[in-house]
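Enquirer: Pasting entry_25.txt below, which is compact mmCIF, C-alpha atoms.
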```
# COMPACT_ATOMS: atom_id res chain seq x y z
CA MET R 1 0.00 0.00 0.00
CA LYS R 2 1.34 3.44 -0.91
CA VAL R 3 2.52 5.52 2.05
CA PRO R 4 1.34 9.15 1.91
CA ASP R 5 4.18 11.63 2.30
CA THR R 6 2.59 13.62 5.12
CA GLN R 7 3.86 15.42 8.19
CA GLU R 8 1.84 13.02 10.35
CA ASN R 9 3.61 10.01 8.86
CA LEU R 10 6.96 11.75 9.09
CA MET R 11 6.41 12.05 12.84
CA LYS R 12 6.02 8.26 13.01
CA CYS R 13 9.11 7.55 10.86
CA ILE R 14 11.98 5.77 12.67
CA CYS R 15 14.61 5.92 9.90
CA GLY R 16 16.76 8.26 12.01
CA GLY R 17 17.38 5.51 14.57
CA CYS R 18 18.36 2.88 12.03
CA PRO R 19 21.95 1.60 12.14
CA THR R 20 22.06 1.95 8.32
CA HIS R 21 20.99 5.63 8.43
CA ASN R 22 24.43 7.15 7.98
CA ALA R 23 25.95 10.63 8.24
CA CYS R 24 25.18 11.46 4.59
CA MET R 25 21.49 10.64 5.03
CA LYS R 26 21.37 12.66 8.24
CA GLU R 27 23.11 15.62 6.63
CA LYS R 28 20.61 15.60 3.76
CA MET R 29 17.77 15.09 6.25
CA GLN R 30 16.62 12.01 4.37
CA GLY R 31 14.12 9.54 5.77
CA MET R 32 10.70 7.97 5.28
CA PHE R 33 12.09 6.17 2.26
CA CYS R 34 8.98 3.97 2.09
CA ALA R 35 7.04 7.09 1.04
CA ARG R 36 9.78 8.87 -0.87
CA ASP R 37 12.56 8.03 -3.27
CA LYS R 38 15.52 5.85 -2.32
CA THR R 39 18.60 7.53 -0.96
CA ASP R 40 21.29 8.92 -3.22
CA CYS R 41 23.87 8.51 -0.47
CA GLU R 42 26.43 5.75 -0.59
CA PHE R 43 25.85 3.33 2.25
CA THR R 44 26.61 -0.09 3.61
CA LYS R 45 23.77 -2.19 4.98
CA GLN R 46 24.12 -2.16 8.74
CA GLY R 47 20.77 -3.73 9.59
CA CYS R 48 17.18 -2.73 8.90
CA ILE R 49 14.52 -1.69 11.41
CA CYS R 50 11.70 -1.15 8.91
CA GLY R 51 9.98 -4.14 10.52
CA GLU R 52 9.59 -2.18 13.77
CA CYS R 53 8.16 0.94 12.12
CA PRO R 54 4.53 1.86 12.81
CA LEU R 55 4.16 2.81 9.14
CA LYS R 56 4.92 -0.76 8.16
CA SER R 57 1.90 -2.18 9.96
CA GLU R 58 -0.32 0.81 9.21
CA TYR R 59 0.23 0.55 5.45
CA MET R 60 0.83 -3.23 5.35
CA LEU R 61 4.31 -2.91 3.89
CA SER R 62 6.13 -6.15 3.15
CA GLY R 63 9.59 -4.94 2.16
CA MET R 64 12.77 -4.03 3.97
CA TYR R 65 15.60 -1.59 3.24
CA TYR R 66 13.35 1.05 1.67
CA CYS R 67 16.40 3.34 1.69
CA GLU R 68 17.66 1.10 -1.11
CA ALA R 69 14.38 0.19 -2.77
CA GLY R 70 12.55 3.50 -2.63
CA ALA R 71 8.85 4.12 -2.10
CA GLU R 72 6.29 1.36 -1.92
CA ALA R 73 4.26 1.35 -5.13
CA MET C 74 3.14 9.15 40.62
CA THR C 75 3.31 7.20 43.85
CA ILE C 76 4.55 3.63 44.09
CA ASP C 77 0.97 2.46 44.67
CA ASP C 78 -0.19 4.32 41.55
CA LYS C 79 2.47 2.59 39.47
CA ALA C 80 1.26 -0.82 40.60
CA LYS C 81 -2.32 0.11 39.69
CA ASN C 82 -1.27 0.52 36.06
CA TRP C 83 -1.11 -3.25 35.62
CA TRP C 84 -3.85 -5.86 35.44
CA VAL C 85 -2.69 -9.04 37.10
CA PHE C 86 -4.13 -12.55 37.12
CA PRO C 87 -6.88 -13.10 39.72
CA GLY C 88 -5.51 -13.99 43.16
CA PHE C 89 -2.27 -12.03 42.71
CA GLU C 90 -1.10 -8.52 43.50
CA LEU C 91 1.76 -6.28 42.48
CA GLU C 92 4.25 -4.18 44.40
CA VAL C 93 7.26 -2.04 43.50
CA VAL C 94 10.45 -3.31 45.17
CA ALA C 95 13.03 -1.04 43.52
CA SER C 96 12.84 2.30 41.68
CA GLY C 97 15.10 4.91 40.16
CA LEU C 98 16.75 2.49 37.77
CA ASP C 99 17.96 3.60 34.35
CA LEU C 100 16.62 1.23 31.67
CA PRO C 101 16.60 -1.88 33.90
CA CYS C 102 16.96 -4.82 31.57
CA ASN C 103 17.56 -8.26 33.08
CA ILE C 104 17.37 -9.62 36.62
CA ALA C 105 19.48 -12.37 38.22
CA PHE C 106 19.01 -13.62 41.77
CA VAL C 107 21.74 -14.78 44.08
CA PRO C 108 21.20 -18.58 44.00
CA GLU C 109 21.37 -19.00 47.79
CA PRO C 110 21.02 -15.56 49.41
CA THR C 111 22.32 -15.02 52.92
CA GLU C 112 20.14 -13.47 55.63
CA PRO C 113 21.77 -10.18 56.73
CA PRO C 114 19.63 -7.25 55.51
CA GLY C 115 22.48 -5.58 53.63
CA ASP C 116 23.55 -8.67 51.70
CA PRO C 117 22.85 -8.98 47.97
CA LEU C 118 19.52 -10.42 46.85
CA PHE C 119 19.54 -9.81 43.12
CA TYR C 120 21.31 -7.92 40.33
CA VAL C 121 19.90 -5.80 37.51
CA THR C 122 21.61 -4.84 34.27
CA GLU C 123 20.91 -1.31 33.11
CA LEU C 124 21.03 -1.19 29.32
CA TYR C 125 23.53 1.64 29.09
CA GLY C 126 26.30 0.02 31.06
CA ASN C 127 25.63 -0.19 34.79
CA VAL C 128 24.82 -3.10 37.10
CA LYS C 129 22.82 -2.45 40.25
CA VAL C 130 22.60 -4.75 43.24
CA VAL C 131 19.42 -4.89 45.32
CA THR C 132 19.92 -6.03 48.89
CA ASN C 133 17.67 -8.07 51.18
CA ASP C 134 16.37 -4.80 52.69
CA TRP C 135 15.66 -3.34 49.21
CA GLN C 136 18.57 -0.92 48.99
CA VAL C 137 19.55 -0.25 45.37
CA LEU C 138 23.34 0.10 45.15
CA PRO C 139 25.79 0.54 42.26
CA PHE C 140 27.64 -2.74 41.66
CA ALA C 141 29.45 -1.82 38.44
CA GLU C 142 29.36 1.38 36.40
CA ASN C 143 30.28 2.56 32.91
CA LEU C 144 30.89 -0.87 31.42
CA LEU C 145 30.24 0.37 27.86
CA ASN C 146 33.10 2.01 25.94
CA TYR C 147 30.83 4.11 23.70
CA THR C 148 28.05 6.63 24.19
CA PRO C 149 24.57 5.22 23.56
CA ASP C 150 22.19 7.43 21.59
CA HIS C 151 18.79 6.62 23.17
CA ARG C 152 17.10 5.98 19.82
CA PHE C 153 14.17 3.57 20.15
CA PRO C 154 13.55 1.69 17.93
CA GLY C 155 17.02 1.43 16.48
CA THR C 156 20.53 2.13 17.63
CA GLY C 157 19.49 2.76 21.24
CA GLU C 158 18.21 -0.80 21.69
CA SER C 159 21.63 -2.23 22.51
CA GLY C 160 24.20 -2.26 25.27
CA LEU C 161 24.50 -4.32 28.46
CA ILE C 162 21.81 -7.01 28.50
CA GLY C 163 22.38 -10.49 29.94
CA VAL C 164 23.31 -11.36 33.52
CA CYS C 165 23.61 -14.49 35.65
CA VAL C 166 25.22 -15.32 38.98
CA GLU C 167 27.83 -18.04 39.28
CA PRO C 168 26.70 -20.09 42.32
CA GLU C 169 30.12 -21.01 43.72
CA SER C 170 31.81 -17.60 43.69
CA GLY C 171 28.87 -15.22 43.47
CA ASP C 172 30.56 -13.56 40.48
CA LEU C 173 28.41 -12.25 37.64
CA PHE C 174 28.55 -13.05 33.96
CA VAL C 175 27.21 -10.25 31.78
CA SER C 176 26.78 -9.82 28.03
CA MET C 177 27.26 -6.55 26.16
CA ILE C 178 28.56 -4.89 23.01
CA TYR C 179 31.62 -2.72 22.67
CA GLU C 180 33.18 -0.52 20.05
CA ALA C 181 36.35 -1.83 18.41
CA GLU C 182 38.48 -0.27 15.66
CA ASP C 183 36.69 -2.34 13.04
CA GLY C 184 33.15 -1.94 14.35
CA MET C 185 30.85 -3.10 17.11
CA LYS C 186 31.55 -6.44 18.79
CA ASN C 187 29.84 -8.79 21.26
CA CYS C 188 31.44 -9.93 24.46
CA VAL C 189 30.75 -11.80 27.68
CA THR C 190 32.55 -10.63 30.78
CA ARG C 191 32.93 -12.02 34.29
CA LEU C 192 32.55 -9.41 37.04
CA LEU C 193 34.37 -10.45 40.20
CA SER C 194 33.48 -9.27 43.68
CA LYS C 195 34.54 -10.19 47.19
CA ASP C 196 31.34 -9.14 48.95
CA GLY C 197 28.78 -9.23 46.15
CA LEU C 198 28.08 -5.54 46.62
CA LYS C 199 30.79 -3.96 44.46
CA MET C 200 32.71 -5.19 41.44
CA ASP C 201 36.42 -5.52 42.15
CA SER C 202 37.64 -6.54 38.70
CA GLN C 203 36.48 -7.97 35.40
CA VAL C 204 37.71 -10.69 33.08
CA THR C 205 36.73 -11.08 29.43
CA ILE C 206 35.37 -14.56 28.68
CA ILE C 207 34.67 -14.21 24.94
CA ASP C 208 34.90 -11.19 22.68
CA GLY C 209 35.56 -10.09 19.10
CA ILE C 210 32.27 -11.45 17.72
CA PRO C 211 30.82 -8.97 15.18
CA SER C 212 27.78 -7.10 16.44
CA ILE C 213 25.60 -4.11 15.76
CA ARG C 214 24.29 -1.03 17.55
CA ALA C 215 20.72 -2.29 17.47
CA ALA C 216 18.89 -5.40 18.60
CA HIS C 217 20.14 -8.90 17.60
CA GLN C 218 23.27 -8.65 19.76
CA VAL C 219 24.53 -11.04 22.45
CA GLN C 220 21.62 -11.57 24.85
CA ALA C 221 20.87 -13.95 27.75
CA VAL C 222 23.65 -15.69 29.65
CA THR C 223 22.84 -18.64 31.91
CA ILE C 224 24.67 -21.36 33.79
CA GLY C 225 23.25 -24.82 33.18
CA PHE C 226 22.76 -27.73 35.55
CA ASP C 227 25.99 -29.06 34.03
CA GLY C 228 27.92 -26.03 35.30
CA LYS C 229 28.60 -24.71 31.79
CA LEU C 230 27.96 -21.18 30.57
CA TYR C 231 25.32 -20.82 27.86
CA VAL C 232 25.16 -17.67 25.75
CA ASN C 233 22.33 -16.56 23.44
CA LEU C 234 23.87 -14.84 20.45
CA GLY C 235 21.72 -12.93 17.95
CA ASP C 236 22.33 -13.04 14.22
CA GLY C 237 23.63 -9.46 14.12
CA MET C 238 20.76 -8.26 11.89
CA ILE C 239 22.85 -7.48 8.80
CA GLU C 240 23.28 -10.89 7.19
CA SER C 241 20.87 -13.47 8.57
CA SER C 242 22.53 -16.37 6.71
CA VAL C 243 25.27 -16.39 9.38
CA ALA C 244 22.81 -18.26 11.62
CA GLN C 245 23.37 -21.35 9.43
CA ASP C 246 27.14 -20.92 9.11
CA ASP C 247 28.85 -23.34 11.50
CA ASN C 248 31.99 -21.22 11.39
CA ASP C 249 30.23 -18.06 12.56
CA LEU C 250 29.09 -17.72 16.17
CA ARG C 251 26.19 -15.39 15.39
CA GLY C 252 22.67 -16.78 15.38
CA LYS C 253 23.69 -19.54 17.80
CA ILE C 254 23.36 -20.80 21.34
CA LEU C 255 26.90 -21.16 22.64
CA ARG C 256 28.11 -23.51 25.37
CA MET C 257 31.44 -22.99 27.10
CA ASN C 258 33.41 -23.60 30.26
CA LEU C 259 33.35 -20.69 32.69
CA ASP C 260 36.69 -19.46 31.35
CA GLY C 261 35.37 -19.37 27.78
CA SER C 262 37.11 -22.53 26.60
CA ILE C 263 35.30 -25.20 24.60
CA PRO C 264 33.93 -28.17 26.59
CA GLU C 265 35.11 -31.52 25.29
CA ASP C 266 31.53 -32.79 25.14
CA ASN C 267 30.15 -30.03 22.92
CA PRO C 268 28.37 -31.30 19.77
CA ASP C 269 31.54 -30.31 17.90
CA PRO C 270 34.41 -30.56 20.40
CA GLU C 271 36.23 -27.81 18.50
CA SER C 272 33.35 -25.33 18.52
CA LEU C 273 31.43 -23.25 21.06
CA VAL C 274 28.26 -23.80 19.02
CA PHE C 275 25.66 -25.80 20.94
CA ALA C 276 22.69 -25.11 18.64
CA LYS C 277 22.18 -22.95 15.54
CA GLY C 278 19.55 -21.16 13.50
CA VAL C 279 18.29 -18.54 15.98
CA ARG C 280 17.58 -14.90 15.18
CA ASN C 281 17.27 -12.62 18.20
CA PRO C 282 17.05 -14.88 21.27
CA PHE C 283 16.59 -12.44 24.13
CA GLY C 284 15.51 -14.81 26.93
CA ALA C 285 16.71 -18.08 28.44
CA ALA C 286 15.72 -20.18 31.44
CA TRP C 287 16.63 -23.59 32.80
CA ARG C 288 13.86 -26.02 33.70
CA ARG C 289 14.61 -28.42 36.51
CA SER C 290 12.02 -31.08 35.64
CA ASP C 291 13.65 -31.97 32.34
CA GLN C 292 17.09 -30.42 33.00
CA SER C 293 16.73 -28.38 29.82
CA LEU C 294 17.31 -24.88 28.53
CA TYR C 295 14.43 -22.96 26.95
CA ILE C 296 14.73 -19.73 24.99
CA SER C 297 12.59 -16.96 23.56
CA ASP C 298 13.50 -15.86 20.03
CA ASN C 299 12.20 -12.83 18.13
CA GLY C 300 11.01 -13.33 14.56
CA PRO C 301 10.81 -10.81 11.73
CA GLU C 302 7.28 -9.66 10.77
CA ARG C 303 5.85 -12.83 12.29
CA ASP C 304 6.71 -15.94 14.27
CA ASP C 305 8.23 -15.02 17.58
CA ARG C 306 8.79 -18.29 19.37
CA ILE C 307 9.69 -20.42 22.37
CA ALA C 308 12.08 -23.32 21.85
CA LYS C 309 13.64 -26.05 23.91
CA VAL C 310 17.35 -26.10 23.16
CA ILE C 311 18.76 -29.49 22.21
CA ALA C 312 22.45 -30.11 21.58
CA GLY C 313 23.39 -29.95 17.91
CA GLU C 314 19.88 -28.95 16.80
CA ASN C 315 19.05 -26.49 14.02
CA TYR C 316 16.26 -23.98 14.76
CA GLY C 317 15.80 -22.97 11.14
CA TRP C 318 16.49 -19.24 10.87
CA PRO C 319 16.62 -17.61 8.30
CA MET C 320 14.50 -20.17 6.40
CA THR C 321 11.86 -20.44 9.12
CA MET C 322 11.24 -19.48 12.75
CA ARG C 323 9.03 -22.52 13.42
CA GLN C 324 11.55 -25.33 13.11
CA ASN C 325 11.91 -27.18 16.42
CA SER C 326 9.84 -24.53 18.21
CA ILE C 327 7.35 -25.55 20.88
CA PHE C 328 5.24 -22.41 20.46
CA TRP C 329 5.06 -19.44 18.13
CA TRP C 330 3.10 -16.23 17.87
CA HIS C 331 1.95 -15.41 14.36
CA TYR C 332 1.51 -11.76 15.37
CA THR C 333 4.78 -10.75 16.95
CA HIS C 334 4.90 -9.50 20.54
CA ALA C 335 8.67 -9.34 21.06
CA PRO C 336 9.29 -11.92 23.82
CA THR C 337 12.10 -10.91 26.14
CA ALA C 338 12.97 -12.67 29.42
CA ILE C 339 11.44 -16.00 30.48
CA ALA C 340 11.26 -17.90 33.79
CA PHE C 341 9.87 -21.19 35.12
CA MET C 342 7.87 -21.35 38.37
CA GLN C 343 9.71 -24.22 40.07
CA ASP C 344 10.46 -23.15 43.63
CA GLY C 345 7.00 -22.88 45.17
CA GLN C 346 6.54 -19.11 44.93
CA PHE C 347 3.01 -19.59 43.56
CA LEU C 348 0.36 -22.26 44.11
CA ASP C 349 1.01 -25.83 42.97
CA ASP C 350 -1.33 -25.22 40.02
CA PHE C 351 1.41 -23.04 38.52
CA ASN C 352 4.24 -25.46 39.12
CA ASP C 353 6.61 -25.83 36.17
CA GLU C 354 4.75 -23.26 34.08
CA LEU C 355 6.73 -20.92 31.87
CA PHE C 356 6.29 -17.15 32.26
CA VAL C 357 7.22 -14.96 29.30
CA CYS C 358 7.60 -11.19 29.04
CA LEU C 359 6.16 -9.79 25.82
CA PHE C 360 7.77 -6.40 25.45
CA GLY C 361 5.99 -5.26 22.28
CA SER C 362 7.12 -2.32 20.20
CA ALA C 363 10.45 -0.85 21.23
CA HIS C 364 8.93 2.49 22.23
CA ALA C 365 5.15 2.66 22.67
CA TRP C 366 3.06 4.82 24.96
CA GLY C 367 0.04 3.43 26.77
CA PRO C 368 -1.57 0.03 26.41
CA THR C 369 -1.10 -1.66 23.05
CA PRO C 370 -2.37 -4.86 21.43
CA LYS C 371 1.27 -5.73 20.74
CA GLY C 372 3.15 -6.86 23.84
CA LYS C 373 3.25 -5.05 27.21
CA LYS C 374 2.19 -8.29 28.84
CA ILE C 375 3.41 -11.33 30.70
CA VAL C 376 1.90 -14.64 29.64
CA LYS C 377 2.06 -17.99 31.37
CA MET C 378 2.30 -21.27 29.52
CA ALA C 379 1.93 -24.92 30.43
CA LEU C 380 3.89 -27.44 28.40
CA ASN C 381 2.58 -30.83 27.34
CA ASN C 382 3.79 -34.01 29.01
CA ASP C 383 6.65 -34.69 26.63
CA ASN C 384 7.71 -31.01 26.45
CA THR C 385 7.24 -30.76 22.71
CA ALA C 386 4.49 -28.14 22.70
CA VAL C 387 2.60 -25.62 24.78
CA HIS C 388 -0.89 -26.84 25.62
CA SER C 389 -2.19 -23.69 27.30
CA ALA C 390 -1.24 -20.03 27.22
CA GLU C 391 -2.94 -17.30 29.26
CA LEU C 392 -2.46 -13.65 30.04
CA PHE C 393 -0.90 -13.15 33.47
CA LEU C 394 -0.10 -9.43 33.50
CA VAL C 395 -1.17 -6.57 31.21
CA TYR C 396 -0.09 -2.93 31.19
CA GLU C 397 -3.03 -0.51 31.37
CA GLY C 398 -1.28 2.80 32.10
CA GLU C 399 -0.45 5.67 29.75
CA GLY C 400 3.33 5.46 30.00
CA LEU C 401 6.20 3.70 28.23
CA ALA C 402 6.54 0.88 30.77
CA SER C 403 6.70 -2.68 29.46
CA PRO C 404 7.95 -5.94 30.99
CA CYS C 405 11.53 -6.75 29.98
CA GLY C 406 13.52 -8.70 32.60
CA LEU C 407 11.94 -11.56 34.55
CA ALA C 408 13.00 -13.91 37.34
CA PHE C 409 11.45 -15.82 40.20
CA GLY C 410 12.80 -14.91 43.62
CA PRO C 411 11.74 -14.87 47.25
CA GLY C 412 7.98 -14.46 47.50
CA GLY C 413 7.11 -14.12 43.85
CA LEU C 414 7.88 -13.22 40.26
CA TYR C 415 9.99 -10.11 39.67
CA PHE C 416 10.08 -8.08 36.47
CA SER C 417 11.63 -4.86 35.17
CA ASP C 418 9.69 -2.24 33.19
CA LEU C 419 12.69 -0.82 31.22
CA PHE C 420 11.64 2.81 30.61
CA GLY C 421 9.34 3.07 33.61
CA GLU C 422 6.25 5.20 33.35
CA GLN C 423 7.86 8.39 31.96
CA GLU C 424 5.02 10.51 33.27
CA ASP C 425 3.25 13.13 31.16
CA GLY C 426 5.23 12.19 28.07
CA LYS C 427 8.43 13.70 29.46
CA GLU C 428 11.22 11.24 28.90
CA GLY C 429 14.21 11.10 31.17
CA PRO C 430 16.70 8.68 32.71
CA GLY C 431 16.37 6.80 35.96
CA GLN C 432 12.65 6.04 35.94
CA GLY C 433 12.71 2.26 35.65
CA ASN C 434 11.30 -0.06 38.30
CA ILE C 435 11.40 -3.62 39.53
CA TYR C 436 8.04 -5.11 40.49
CA ARG C 437 7.16 -8.26 42.40
CA ILE C 438 4.02 -10.22 41.59
CA LYS C 439 2.92 -12.21 44.61
CA LEU C 440 -0.05 -14.16 45.86
CA ARG C 441 -2.71 -11.80 47.21
CA ALA C 442 -2.61 -11.72 51.00
```
Could you rewrite the structure in this file as structure tokens?

Expert:
Amino acid sequence: MKVPDTQENLMKCICGGCPTHNACMKEKMQGMFCARDKTDCEFTKQGCICGECPLKSEYMLSGMYYCEAGAEA
Amino acid sequence: MTIDDKAKNWWVFPGFELEVVASGLDLPCNIAFVPEPTEPPGDPLFYVTELYGNVKVVTNDWQVLPFAENLLNYTPDHRFPGTGESGLIGVCVEPESGDLFVSMIYEAEDGMKNCVTRLLSKDGLKMDSQVTIIDGIPSIRAAHQVQAVTIGFDGKLYVNLGDGMIESSVAQDDNDLRGKILRMNLDGSIPEDNPDPESLVFAKGVRNPFGAAWRRSDQSLYISDNGPERDDRIAKVIAGENYGWPMTMRQNSIFWWHYTHAPTAIAFMQDGQFLDDFNDELFVCLFGSAHAWGPTPKGKKIVKMALNNDNTAVHSAELFLVYEGEGLASPCGLAFGPGGLYFSDLFGEQEDGKEGPGQGNIYRIKLRA
């Protein structure tokens, strides 16, 4: 299910606490990749916490590493 | 909020009541009782790991004292869910010496690592020195790190080691210690009677096994293990067995939750603290989401389970404790001790939505007077 890119959903986003969310993503204030485009930062997978995100259950998302995959269709 | 008010935030099984026995703890994680406590009021009764690197000792007269401080070599970032969910977690007491074994992560030049450390003390009230038992195992600043540590009826040290989150296939790699239950001598060496006498691996194929408890009636170790979107589970650990992760979380499990509740610590009622009806039942903390205010359908409960006669399945599971307050509190650590079942609530209530350190509690559930 598509995730609306809203302020309300942004408040629920947990990307900032993810071990993969690196300095480049923080500097560019990137997050909520499940609603937005994938990151353009170079990164190494350091684990994924998408499964713990409230947006995942709310919008019945099935994927992981949305920072790599980009928004849910 | 008064201590009585805190206790009122929990529904507890009919015939039982709740009391706060220790407060002011900072992210109290796991609890380990002194196996045979002595009687003087100021002697140690149990120990609590605080997630961000301290161990507290609680005495027979309910004093909360610092046992060991600043065990982590990095600064935690308090992000829940995520990088704040890691640190100092497991604890057990070695019966002969009274020393503690604790599990934690540390920062090395090439990244985060898991380790198990022995904390030595002459009086049980203050750590005198520490000795590394195992270290150098790759880890992560998130969940899935080294978790419960227990000493078995065979006198060996058992260590629950998460898969590290990044590459789940390591749980099936016999040459990688992640995603395994390890068995070792108390100095970290490999016992000659391990399934592979050249390996610490006792069982493989686990994901994020937070809890562990030994059951006297069948002399066996049981664990809780956290699944991905589904299939948290309870398993009886058998030497050389494969528990299936990352292919499945159901292999060799005796119980699983389709809807995940994040099981943390577990404990068997086997020393008469409750009525005989509860004898040998398994109690399981279901923590739920890593950071959730108020009551939630996911976790924030303790359940009790009865196993079938041949210990291959759970034949009843019931709610035993449910959080009904508005705070962040959720059951995390769990252990039976004098007079009842003790649990930690990690964050504590965090009243009025204002988060701060040092608000965690230890509760005791006891038979209603």

Enquirer: Considering all atoms listed in the file, extract the chain C residues located within 10 Å of chain R and return them as an mmCIF file with C-alpha atoms, keeping the file's coordinate frame.

Expert:
```cif
data_model
loop_
_atom_site.group_PDB
_atom_site.id
_atom_site.type_symbol
_atom_site.label_atom_id
_atom_site.label_comp_id
_atom_site.auth_asym_id
_atom_site.auth_seq_id
_atom_site.Cartn_x
_atom_site.Cartn_y
_atom_site.Cartn_z
ATOM 1 C CA ASP C 150 22.190 7.430 21.590
ATOM 2 C CA HIS C 151 18.790 6.620 23.170
ATOM 3 C CA ARG C 152 17.100 5.980 19.820
ATOM 4 C CA PHE C 153 14.170 3.570 20.150
ATOM 5 C CA PRO C 154 13.550 1.690 17.930
ATOM 6 C CA GLY C 155 17.020 1.430 16.480
ATOM 7 C CA THR C 156 20.530 2.130 17.630
ATOM 8 C CA GLY C 157 19.490 2.760 21.240
ATOM 9 C CA GLU C 158 18.210 -0.800 21.690
ATOM 10 C CA SER C 212 27.780 -7.100 16.440
ATOM 11 C CA ILE C 213 25.600 -4.110 15.760
ATOM 12 C CA ARG C 214 24.290 -1.030 17.550
ATOM 13 C CA ALA C 215 20.720 -2.290 17.470
ATOM 14 C CA ALA C 216 18.890 -5.400 18.600
ATOM 15 C CA HIS C 217 20.140 -8.900 17.600
ATOM 16 C CA GLY C 237 23.630 -9.460 14.120
ATOM 17 C CA MET C 238 20.760 -8.260 11.890
ATOM 18 C CA ILE C 239 22.850 -7.480 8.800
ATOM 19 C CA GLU C 240 23.280 -10.890 7.190
ATOM 20 C CA SER C 241 20.870 -13.470 8.570
ATOM 21 C CA PRO C 301 10.810 -10.810 11.730
ATOM 22 C CA GLU C 302 7.280 -9.660 10.770
ATOM 23 C CA ARG C 303 5.850 -12.830 12.290
ATOM 24 C CA GLY C 361 5.990 -5.260 22.280
ATOM 25 C CA SER C 362 7.120 -2.320 20.200
ATOM 26 C CA ALA C 363 10.450 -0.850 21.230
ATOM 27 C CA HIS C 364 8.930 2.490 22.230
ATOM 28 C CA ALA C 365 5.150 2.660 22.670
#
```

Enquirer: Write out as an NGL selection string the residues lying within 9 Å of Leu144 (chain C), counting only C-alpha atoms and excluding same-chain residues fewer than 5 positions away.

Expert: :C and (125-128 or 161 or 177 or 179)

Enquirer: Figure out the distance between CA of Asp304 (chain C) and CA of Met1 (chain R), please, to one decimal in Å.

Expert: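 CA of Asp304 (chain C) lies 22.4 Å from CA of Met1 (chain R).
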
Enquirer: Using all atoms listed in the file, which protein or nucleic acid residues come within 12 Å of Asp196 (chain C)? Drop anything in the same chain fewer than 4 positions from it, and give the result as a list of chain:residue names.

Expert: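 Near neighbours after the sequence-gap exclusion: C:Thr111, C:Gly115, C:Asp116, C:Pro117, C:Val130, C:Thr132, C:Phe140, C:Ser170, C:Gly171, C:Asp172, C:Leu192, C:Met200, C:Asp201.
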
Enquirer: Quick one: distance from CA of Asn299 (chain C) to CA of Phe328 (chain C) in Å, one decimal?

Expert: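 Value for the CA of Asn299 (chain C)-CA of Phe328 (chain C) distance: 12.1 Å.
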
Enquirer: For Thr39 (chain R), work out the shell of residues within 8 Å, counting only C-alpha atoms and skipping chain neighbours fewer than 4 positions away, then give it as a ChimeraX atom specification.

Expert: /R:25,30,33,67-68,70

Enquirer: Could you give me the centre and size, in Å to one decimal, of an axis-aligned box around all listed atoms of region 169-173 of chain C with 6 Å added on every side, as lines of an AutoDock Vina configuration file?

Expert:
```
center_x = 30.1
center_y = -16.6
center_z = 40.7
size_x = 15.4
size_y = 20.8
size_z = 18.1
```
